[in-house]
Amino acid sequence: MKNEMLGVILAGGKGTRLGKLTHNQAKPAVPFGGRYRIIDFTLSNCVNSGVKNIGVITQYQPLNLNAHIGNGASWGLDDLNAGVTILQPYSNNEGSKWFEGTAHAIYQNIGYIDQMDPEYILILSGDHIYKMDYEAMLDQHKETGASLTVAVIDVPWDEASRFGIMNTDDNNRIIDFEEKPAEPKSNHASMGIYIFNWKRLREVLVNSFTRNQDMVDFGKNVIPYYLKSGESVFAYNFKGYWKDVGTIDSLWHANMEFLDENNELNLQDRTWRIYSRNPIAPPQIIAETAEIKDAMIVDGSYIAGKVDHSILSANVRIQTGSVVTDSVIMPGAKIGKNVTIHRAIIGEGAVIGDDVVIDGTDEIAVIGNKEVVGVTSHEE
Amino acid sequence: MKNNKMCAILGNEHEYTELLPLTKRRALATLYFDCKYRIMDFALSSIVNANIRNIFLVVNQAKLKSYFDHLGGGREWGLDSIGSYRYINFSQDLVRQKVEGQKYFDDVIDYLEKSRSTYTVFVGNKMLNSVDLKAVLKIHKAQKNDMTVVFKRMPKDKIASDDQILEIDDQTNRVKGNHNFSEYPHNSDIYNLSMNIFIIETQNLINQLRKGQRIGASANLEDFFLSLISRLNCGTYEYTGYMCNIFDVKSYYDANMDMLNVDHMNSLLYSSQHIITRTKNEVATHFTKTSDVKNSQFATGCVVEGYVRNSLVSRRTFISENSKVEDSIIMSNARIGKDVEIKYAILDKDVVVKSGVKIIGTPGNPVVIEKKMKVTSDVIQDTPREDVED
């Protein structure tokens with residue numbers, strides 16, 4: 001079947017900087033905002049942009065991610081002429097094929113992409129929080145007649161040296177690319193979102209890999225190669241909220257920003273909905289002893305303690321006398337009585353016993369998934 | 001296939017004028033319950049939790065939309081999978097066929113034959129419970145009766161006048177007789193209330209239906225099953241879990257408010273039966289800095305700035321600053337302005353309440369605000385419901 005644009009989400013990264021939170025799962029599967037997992041934003045953007053055939057490249061600890069995506073029904077990807085395919089490393093007669101980098105992962109999955117037969121391929125990463133219309137980016141790609149369009153966002157100048165920076169001319173053509181430059185010439189940071197003409201990218205990848213030319217990574221190899229070989233490469237300027245949640249600090253900050261009533265993401269907006277796989281759970285219970293201020297809470301939760309400026313995910317329990325402030329509690333975490341939690345991320349299914357104090361005043365405290373802290377009382 | 005050992009008939013025939021205006025545009029079965037559920041979720045969950053994937057749904061023709069809005073393709077209940085089968089019939093159609101002298105049970109018989117099931121379970125639409133139908137089937141097989149009816153001992157005030165009361169033989173556990181509650185002496189506090197859940201061998205049911213349509217039996221399937229009680233050896237299964245019987249605004253209000261009681265909620269929603277409902281994608285409910293909430297339940301997608309006590313709030317409701325919601329049921333997508341006072345009320349879907357307005361009922365007579373109403377002036381209801389003229 002002919003697809004105009006195929007989406008491929010790179011979701012294989014370990015996310016080392018998220019520490020305990022990615023101990024047993026890939027970064028895109030990490031919960032966000034009470035109700036979501038990080039990859040939901042990219043998946044929903046795809047669906048809302050009319051990109052309804054999506055490959056998700058997984059490698060590191062894919063179990064939770066695969067279970068989350070399932071057949072894609074939660075995003076409407078079980079529709080006619082739609083589908084989501086998990087692409088994982090495999091072995092063949094030439095040996096096993098672990099993905100060595102972003103572009104290598106695409107090269108290894110040429111079989112799948114050829115089968116989908118797209119005109120354009122949209123390369124995405126599964127670890128950003130944002131809302132974006134990829135169709136508008138495709139429109140520009142077609143208008144400019146580009147071979148490659150790179151989405152860029154203007155970052156504060158003092159942060160520009162942390163990003164891949166695209167230097168553009170007056171026509172928004174990219175003429176130069178610098179990875180984490182010490183002295184940036186522009187503040188157009190690459191968002192890691194690319195639209196390629198698939199035919200050309202395919203040629204480049206096949207030629208390079210068969211000749212043992214280094215073409216493993218998009219940022220390091222493919223984009224510089226495109227620029228050097230005179231391909232027409234354009235920038236697509238994105239304006240709006242965009243957050244890389246690759247570190248504990250940024251994940252915590254993004255959650256706290258999400259809690260702001262006037263946050264730029266505005267997920268109450270029903271014209272661009274963010275979908276997720278939702279467990280079926282009873283409504284949240286706010287008990288007589290609860291005190292809740294400035295908090296987001298979802299289904300299946302039972303709150304008998306005090307919650308201030310925090311995000312609570314599904315099926316969380318907070319018993320009486322406990323105080324949770326400036327924190328993110330992930331799904332299924334159970335918090336006992338008289339617990340104090342401040343500036344912390346409590347992992348999925350973690351159990352915090354009575355009277356425990358978790359204080360992240362100096363540095364965000366993290367309790368890992370399923371970690372047990374303190375002694376738990378037997379009563380529920 | 002193993003799935004098909006039991007098939008189900010879900011009867012949605014019961015309606016009460018006492019539930020108006022809540023059931024003006026929706027069937028009793030699709031009334032909202034406890035923020036997230038619809039009444040039919042409980043019967044449907046019992047059915048699919050018993051691995052039944054063959055369902056014959058009898059629906060009210062006039063309110064078809066409300067079923068489809070909720071059921072969709074049946075994905076959440078596993079009813080869109082291979083081997084699952086749903087057959088939908090209008091209750092009015094059965095009656096019409098009977099009036100026209102046709103063989104009005106033929107569609108049901110056809111369904112039962114195609115299901116290749118050994119047993120059929122019938123479940124009525126208005127009693128909320130989480131009965132384990134596999135357990136009922138076990139008892140049915142062990143007791144070797146023609147049919148088994150599920151009942152619960154219920155107090156007088158939780159029984160509607162058209163409910164069926166069972167007289168049960170202490171020795172055999174069989175039903176000796178069944179009576180309409182209105183025709184039954186009201187001389188006790190507790191009655192054996194039929195929950196209108198029946199299990200019968202499918203072949204026997206087919207025979208009974210054939211015989212029934214020959215002799216002009218009721219085309220209402222629930223009534224038909226009730227009529228079988230006296231014609232067959234009918235055993236009983238006593239349900240001991242929490243149940244609510246919904247037949248008027250007060251019973252609907254009380255059943256919802258019962259969910260604020262942890263024991264009742266645990267019995268109904270956290271039993272070994274998982275209650276399945278339609279999933280929706282909503283952002284987490286946001287309690288702002290000004291919110292003050294205790295002893296209440298919420299679905300997702302709400303923004304709460306105000307004061308909420310002893311209430312159930314459904315999806316996407318906005319409760320503005322300085323507003324008070326107490327002892328009330330707020331269905332989805334309500335917009336409640338500032339300085340509003342709501343007490344002992346049921347707000348149907350999509351209600352808008354203008355700032356400064358008071359909506360106040362009494363525990364015995366909660367105010368009902370109809371779907372999509374814009375309330376711009378006070379609604380104070382202190383007269384008992386009997387005195388209100390339609």
# chains A, B, ... in the order shown; residues from 1 in each chain; ligands from 1
call {"tool": "residues_around", "arguments": {"residues": "B:Lys144", "least_positions_apart": "5", "cutoff": "12 Å", "atoms": "only C-alpha atoms", "output": "PDB file with all heavy atoms, in the first residue's frame"}}
result
ATOM      1  N   LEU B 137     -23.117 -20.432  37.680  1.00  0.00           N
ATOM      2  CA  LEU B 137     -23.215 -21.606  36.808  1.00  0.00           C
ATOM      3  C   LEU B 137     -22.831 -22.883  37.568  1.00  0.00           C
ATOM      4  O   LEU B 137     -23.476 -23.923  37.423  1.00  0.00           O
ATOM      5  CB  LEU B 137     -22.313 -21.426  35.575  1.00  0.00           C
ATOM      6  CG  LEU B 137     -22.313 -22.608  34.586  1.00  0.00           C
ATOM      7  CD1 LEU B 137     -23.698 -22.805  33.979  1.00  0.00           C
ATOM      8  CD2 LEU B 137     -21.277 -22.408  33.488  1.00  0.00           C
ATOM      9  N   LYS B 138     -21.781 -22.780  38.381  1.00  0.00           N
ATOM     10  CA  LYS B 138     -21.358 -23.946  39.172  1.00  0.00           C
ATOM     11  C   LYS B 138     -22.483 -24.441  40.068  1.00  0.00           C
ATOM     12  O   LYS B 138     -22.777 -25.627  40.137  1.00  0.00           O
ATOM     13  CB  LYS B 138     -20.153 -23.580  40.054  1.00  0.00           C
ATOM     14  CG  LYS B 138     -18.853 -23.799  39.349  1.00  0.00           C
ATOM     15  CD  LYS B 138     -17.721 -24.029  40.343  1.00  0.00           C
ATOM     16  CE  LYS B 138     -16.431 -24.207  39.563  1.00  0.00           C
ATOM     17  NZ  LYS B 138     -15.474 -23.148  39.829  1.00  0.00           N
ATOM     18  N   ILE B 139     -23.129 -23.495  40.747  1.00  0.00           N
ATOM     19  CA  ILE B 139     -24.241 -23.851  41.635  1.00  0.00           C
ATOM     20  C   ILE B 139     -25.403 -24.424  40.816  1.00  0.00           C
ATOM     21  O   ILE B 139     -26.025 -25.414  41.194  1.00  0.00           O
ATOM     22  CB  ILE B 139     -24.698 -22.615  42.449  1.00  0.00           C
ATOM     23  CG1 ILE B 139     -23.566 -22.127  43.361  1.00  0.00           C
ATOM     24  CG2 ILE B 139     -25.963 -22.910  43.252  1.00  0.00           C
ATOM     25  CD1 ILE B 139     -23.143 -23.105  44.444  1.00  0.00           C
ATOM     26  N   THR B 172     -35.277 -27.244  49.915  1.00  0.00           N
ATOM     27  CA  THR B 172     -34.745 -27.526  48.575  1.00  0.00           C
ATOM     28  C   THR B 172     -34.032 -26.328  47.950  1.00  0.00           C
ATOM     29  O   THR B 172     -33.374 -26.475  46.928  1.00  0.00           O
ATOM     30  CB  THR B 172     -35.893 -27.920  47.631  1.00  0.00           C
ATOM     31  OG1 THR B 172     -36.798 -26.797  47.561  1.00  0.00           O
ATOM     32  CG2 THR B 172     -36.623 -29.147  48.110  1.00  0.00           C
ATOM     33  N   ASN B 173     -34.182 -25.168  48.559  1.00  0.00           N
ATOM     34  CA  ASN B 173     -33.651 -23.934  47.974  1.00  0.00           C
ATOM     35  C   ASN B 173     -34.315 -23.567  46.660  1.00  0.00           C
ATOM     36  O   ASN B 173     -33.801 -22.775  45.898  1.00  0.00           O
ATOM     37  CB  ASN B 173     -32.139 -24.031  47.755  1.00  0.00           C
ATOM     38  CG  ASN B 173     -31.394 -23.492  48.957  1.00  0.00           C
ATOM     39  OD1 ASN B 173     -31.909 -22.622  49.650  1.00  0.00           O
ATOM     40  ND2 ASN B 173     -30.218 -24.022  49.185  1.00  0.00           N
ATOM     41  N   ARG B 174     -35.433 -24.213  46.377  1.00  0.00           N
ATOM     42  CA  ARG B 174     -36.131 -23.898  45.138  1.00  0.00           C
ATOM     43  C   ARG B 174     -37.163 -22.804  45.369  1.00  0.00           C
ATOM     44  O   ARG B 174     -37.624 -22.586  46.476  1.00  0.00           O
ATOM     45  CB  ARG B 174     -36.858 -25.144  44.616  1.00  0.00           C
ATOM     46  CG  ARG B 174     -35.926 -26.089  43.914  1.00  0.00           C
ATOM     47  CD  ARG B 174     -36.740 -27.195  43.264  1.00  0.00           C
ATOM     48  NE  ARG B 174     -35.836 -28.258  42.841  1.00  0.00           N
ATOM     49  CZ  ARG B 174     -36.169 -29.537  42.804  1.00  0.00           C
ATOM     50  NH1 ARG B 174     -37.391 -29.908  43.176  1.00  0.00           N
ATOM     51  NH2 ARG B 174     -35.312 -30.434  42.405  1.00  0.00           N
ATOM     52  N   ILE B 199     -30.055 -18.528  34.908  1.00  0.00           N
ATOM     53  CA  ILE B 199     -29.250 -19.442  34.087  1.00  0.00           C
ATOM     54  C   ILE B 199     -30.099 -20.665  33.766  1.00  0.00           C
ATOM     55  O   ILE B 199     -30.786 -21.213  34.636  1.00  0.00           O
ATOM     56  CB  ILE B 199     -27.949 -19.861  34.800  1.00  0.00           C
ATOM     57  CG1 ILE B 199     -26.975 -18.671  34.808  1.00  0.00           C
ATOM     58  CG2 ILE B 199     -27.296 -21.064  34.091  1.00  0.00           C
ATOM     59  CD1 ILE B 199     -25.593 -18.986  35.323  1.00  0.00           C
ATOM     60  N   ILE B 200     -30.073 -21.058  32.514  1.00  0.00           N
ATOM     61  CA  ILE B 200     -30.893 -22.180  32.054  1.00  0.00           C
ATOM     62  C   ILE B 200     -30.139 -22.883  30.930  1.00  0.00           C
ATOM     63  O   ILE B 200     -29.330 -22.244  30.241  1.00  0.00           O
ATOM     64  CB  ILE B 200     -32.283 -21.650  31.576  1.00  0.00           C
ATOM     65  CG1 ILE B 200     -33.206 -22.792  31.144  1.00  0.00           C
ATOM     66  CG2 ILE B 200     -32.130 -20.617  30.460  1.00  0.00           C
ATOM     67  CD1 ILE B 200     -34.655 -22.351  30.920  1.00  0.00           C
ATOM     68  N   GLU B 201     -30.384 -24.169  30.748  1.00  0.00           N
ATOM     69  CA  GLU B 201     -29.755 -24.856  29.623  1.00  0.00           C
ATOM     70  C   GLU B 201     -30.321 -24.279  28.324  1.00  0.00           C
ATOM     71  O   GLU B 201     -31.526 -24.104  28.185  1.00  0.00           O
ATOM     72  CB  GLU B 201     -30.033 -26.361  29.699  1.00  0.00           C
ATOM     73  CG  GLU B 201     -28.903 -27.098  30.405  1.00  0.00           C
ATOM     74  CD  GLU B 201     -29.080 -28.594  30.361  1.00  0.00           C
ATOM     75  OE1 GLU B 201     -29.242 -29.130  29.248  1.00  0.00           O
ATOM     76  OE2 GLU B 201     -29.056 -29.212  31.434  1.00  0.00           O
ATOM     77  N   LEU B 232     -41.033 -24.214  35.753  1.00  0.00           N
ATOM     78  CA  LEU B 232     -39.885 -25.129  35.798  1.00  0.00           C
ATOM     79  C   LEU B 232     -39.442 -25.319  37.253  1.00  0.00           C
ATOM     80  O   LEU B 232     -39.845 -24.575  38.135  1.00  0.00           O
ATOM     81  CB  LEU B 232     -38.715 -24.540  34.998  1.00  0.00           C
ATOM     82  CG  LEU B 232     -38.971 -24.236  33.529  1.00  0.00           C
ATOM     83  CD1 LEU B 232     -37.793 -23.471  32.950  1.00  0.00           C
ATOM     84  CD2 LEU B 232     -39.194 -25.522  32.745  1.00  0.00           C
ATOM     85  N   ASN B 233     -38.545 -26.277  37.436  1.00  0.00           N
ATOM     86  CA  ASN B 233     -37.859 -26.403  38.711  1.00  0.00           C
ATOM     87  C   ASN B 233     -36.841 -25.291  38.779  1.00  0.00           C
ATOM     88  O   ASN B 233     -35.863 -25.303  38.050  1.00  0.00           O
ATOM     89  CB  ASN B 233     -37.098 -27.733  38.769  1.00  0.00           C
ATOM     90  CG  ASN B 233     -37.953 -28.797  39.384  1.00  0.00           C
ATOM     91  OD1 ASN B 233     -38.883 -28.487  40.130  1.00  0.00           O
ATOM     92  ND2 ASN B 233     -37.654 -30.030  39.058  1.00  0.00           N
ATOM     93  N   CYS B 234     -37.064 -24.326  39.648  1.00  0.00           N
ATOM     94  CA  CYS B 234     -36.169 -23.171  39.648  1.00  0.00           C
ATOM     95  C   CYS B 234     -35.400 -23.091  40.957  1.00  0.00           C
ATOM     96  O   CYS B 234     -35.964 -22.872  42.025  1.00  0.00           O
ATOM     97  CB  CYS B 234     -36.982 -21.903  39.407  1.00  0.00           C
ATOM     98  SG  CYS B 234     -35.941 -20.462  39.257  1.00  0.00           S
ATOM     99  N   GLY B 235     -34.092 -23.284  40.876  1.00  0.00           N
ATOM    100  CA  GLY B 235     -33.221 -23.177  42.044  1.00  0.00           C
ATOM    101  C   GLY B 235     -32.824 -21.730  42.285  1.00  0.00           C
ATOM    102  O   GLY B 235     -33.185 -20.836  41.514  1.00  0.00           O
ATOM    103  N   THR B 236     -32.095 -21.488  43.369  1.00  0.00           N
ATOM    104  CA  THR B 236     -31.737 -20.112  43.696  1.00  0.00           C
ATOM    105  C   THR B 236     -30.245 -19.990  44.000  1.00  0.00           C
ATOM    106  O   THR B 236     -29.593 -20.960  44.411  1.00  0.00           O
ATOM    107  CB  THR B 236     -32.511 -19.619  44.935  1.00  0.00           C
ATOM    108  OG1 THR B 236     -32.285 -20.554  45.996  1.00  0.00           O
ATOM    109  CG2 THR B 236     -33.980 -19.490  44.653  1.00  0.00           C
TER     110      THR B 236
END
call {"tool": "select_by_dssp", "arguments": {"residues": "stretch 30-191 of chain A", "states": "helix (DSSP H, G or I)", "output": "NGL selection string"}}
result
:A and (39-48 or 63-69 or 73-75 or 102-108 or 110-116 or 134-144 or 157-162)
call {"tool": "select_by_dssp", "arguments": {"residues": "stretch 166-352 of chain B", "states": "strand (DSSP E or B)", "output": "count of residues only"}}
result
61
call {"tool": "residues_around", "arguments": {"residues": "stretch 92-103 of chain B", "least_positions_apart": "2", "cutoff": "8 Å", "atoms": "only C-alpha atoms", "output": "NGL selection string"}}
result
:B and (60-61 or 89-90 or 105-106 or 213-214 or 216 or 219-220)
call {"tool": "write_last_selection", "arguments": {"atoms": "C-alpha atoms", "output": "PDB file, in the first residue's frame"}}
result
ATOM      1  CA  ASN B  60     -35.009   0.250  23.547  1.00  0.00           C
ATOM      2  CA  GLN B  61     -35.444   1.428  19.970  1.00  0.00           C
ATOM      3  CA  ASN B  89     -32.751  -6.549  18.862  1.00  0.00           C
ATOM      4  CA  PHE B  90     -35.324  -3.894  19.710  1.00  0.00           C
ATOM      5  CA  PHE B 105     -39.050 -15.393  19.512  1.00  0.00           C
ATOM      6  CA  ASP B 106     -37.512 -16.749  16.301  1.00  0.00           C
ATOM      7  CA  GLN B 213     -44.638 -18.060  21.264  1.00  0.00           C
ATOM      8  CA  ARG B 214     -47.237 -20.722  20.477  1.00  0.00           C
ATOM      9  CA  GLY B 216     -48.791 -16.149  23.408  1.00  0.00           C
ATOM     10  CA  ALA B 219     -42.788 -10.756  24.401  1.00  0.00           C
ATOM     11  CA  ASN B 220     -40.862  -9.009  27.135  1.00  0.00           C
TER      12      ASN B 220
END
call {"tool": "closest_atom_pairs", "arguments": {"of": "chain A", "to": "chain B", "cutoff": "8 Å", "atoms": "only C-alpha atoms", "output": "Markdown table"}}
result
| residue | atom | partner | partner_atom | distance |
| --- | --- | --- | --- | --- |
| A:Gly33 | CA | B:Ala284 | CA | 7.5 |
| A:Gly34 | CA | B:Ala284 | CA | 6.1 |
| A:Arg35 | CA | B:Ala284 | CA | 6.1 |
| A:Leu259 | CA | B:His286 | CA | 8.0 |
| A:Glu261 | CA | B:Thr288 | CA | 7.7 |
| A:Leu267 | CA | B:Val283 | CA | 6.4 |
| A:Gln268 | CA | B:Val283 | CA | 6.8 |
| A:Arg273 | CA | B:Asn281 | CA | 8.0 |
| A:Ile274 | CA | B:Asn281 | CA | 7.4 |
| A:Tyr275 | CA | B:Asn281 | CA | 5.6 |
| A:Ser276 | CA | B:Asn281 | CA | 6.6 |
| A:Asn278 | CA | B:Thr279 | CA | 6.6 |
| A:Pro279 | CA | B:Thr279 | CA | 7.8 |
| A:Ile280 | CA | B:Ile276 | CA | 6.5 |
| A:Pro282 | CA | B:Leu269 | CA | 6.7 |
| A:Pro283 | CA | B:Ala299 | CA | 5.1 |
| A:Gln284 | CA | B:Phe298 | CA | 5.3 |
| A:Ile285 | CA | B:Gln297 | CA | 4.6 |
| A:Ile286 | CA | B:Ser296 | CA | 5.2 |
| A:Ala287 | CA | B:Asn295 | CA | 4.4 |
| A:Glu288 | CA | B:Asn295 | CA | 4.4 |
| A:Thr289 | CA | B:Lys294 | CA | 7.0 |
| A:Ala290 | CA | B:Lys294 | CA | 6.1 |
| A:Glu291 | CA | B:Val293 | CA | 7.0 |
| A:Ile292 | CA | B:Asp292 | CA | 6.8 |
| A:Lys293 | CA | B:Lys289 | CA | 4.7 |
| A:Asp294 | CA | B:Thr288 | CA | 4.1 |
| A:Ala295 | CA | B:Phe287 | CA | 5.1 |
| A:Met296 | CA | B:His286 | CA | 4.5 |
| A:Ile297 | CA | B:Thr285 | CA | 5.3 |
| A:Val298 | CA | B:Ala284 | CA | 5.0 |
| A:Asp299 | CA | B:Ala299 | CA | 6.4 |
call {"tool": "closest_residue", "arguments": {"among": "B:Val368, B:Gly241, B:Tyr307, B:Lys141", "to": "B:Ser272", "atoms": "only C-alpha atoms"}}
result
B:Gly241
call {"tool": "decode", "arguments": {"residues": "stretch 38-50 of chain B", "atoms": "N, CA, C and O atoms", "output": "JSON list (two decimals), in the first residue's frame"}}
result
[["chain", "number", "residue", "atom", "x", "y", "z"],
["B", 38, "ARG", "N", -21.51, 3.47, 33.37],
["B", 38, "ARG", "CA", -22.92, 3.48, 33.03],
["B", 38, "ARG", "C", -23.49, 2.21, 33.65],
["B", 38, "ARG", "O", -22.76, 1.23, 33.85],
["B", 39, "ILE", "N", -24.78, 2.23, 33.90],
["B", 39, "ILE", "CA", -25.37, 1.12, 34.64],
["B", 39, "ILE", "C", -25.13, -0.22, 33.95],
["B", 39, "ILE", "O", -24.84, -1.23, 34.58],
["B", 40, "MET", "N", -25.18, -0.23, 32.60],
["B", 40, "MET", "CA", -25.02, -1.50, 31.89],
["B", 40, "MET", "C", -23.60, -2.07, 32.01],
["B", 40, "MET", "O", -23.39, -3.25, 31.77],
["B", 41, "ASP", "N", -22.63, -1.24, 32.43],
["B", 41, "ASP", "CA", -21.26, -1.74, 32.58],
["B", 41, "ASP", "C", -21.18, -2.92, 33.54],
["B", 41, "ASP", "O", -20.36, -3.81, 33.38],
["B", 42, "PHE", "N", -22.04, -2.89, 34.56],
["B", 42, "PHE", "CA", -21.96, -3.91, 35.60],
["B", 42, "PHE", "C", -22.44, -5.25, 35.06],
["B", 42, "PHE", "O", -21.77, -6.27, 35.22],
["B", 43, "ALA", "N", -23.59, -5.25, 34.39],
["B", 43, "ALA", "CA", -24.10, -6.49, 33.81],
["B", 43, "ALA", "C", -23.14, -6.99, 32.73],
["B", 43, "ALA", "O", -22.78, -8.17, 32.68],
["B", 44, "LEU", "N", -22.69, -6.07, 31.89],
["B", 44, "LEU", "CA", -21.81, -6.44, 30.79],
["B", 44, "LEU", "C", -20.48, -6.99, 31.31],
["B", 44, "LEU", "O", -19.93, -7.95, 30.76],
["B", 45, "SER", "N", -19.97, -6.38, 32.39],
["B", 45, "SER", "CA", -18.70, -6.86, 32.95],
["B", 45, "SER", "C", -18.87, -8.25, 33.55],
["B", 45, "SER", "O", -18.01, -9.11, 33.38],
["B", 46, "SER", "N", -19.98, -8.47, 34.26],
["B", 46, "SER", "CA", -20.24, -9.80, 34.80],
["B", 46, "SER", "C", -20.24, -10.82, 33.66],
["B", 46, "SER", "O", -19.70, -11.91, 33.79],
["B", 47, "ILE", "N", -20.84, -10.44, 32.56],
["B", 47, "ILE", "CA", -20.95, -11.36, 31.42],
["B", 47, "ILE", "C", -19.58, -11.65, 30.82],
["B", 47, "ILE", "O", -19.19, -12.81, 30.67],
["B", 48, "VAL", "N", -18.82, -10.61, 30.51],
["B", 48, "VAL", "CA", -17.53, -10.89, 29.85],
["B", 48, "VAL", "C", -16.51, -11.46, 30.83],
["B", 48, "VAL", "O", -15.64, -12.22, 30.42],
["B", 49, "ASN", "N", -16.63, -11.13, 32.10],
["B", 49, "ASN", "CA", -15.73, -11.73, 33.10],
["B", 49, "ASN", "C", -15.99, -13.23, 33.24],
["B", 49, "ASN", "O", -15.14, -13.96, 33.74],
["B", 50, "ALA", "N", -17.17, -13.67, 32.83],
["B", 50, "ALA", "CA", -17.47, -15.11, 32.85],
["B", 50, "ALA", "C", -17.09, -15.75, 31.52],
["B", 50, "ALA", "O", -17.56, -16.83, 31.18]]
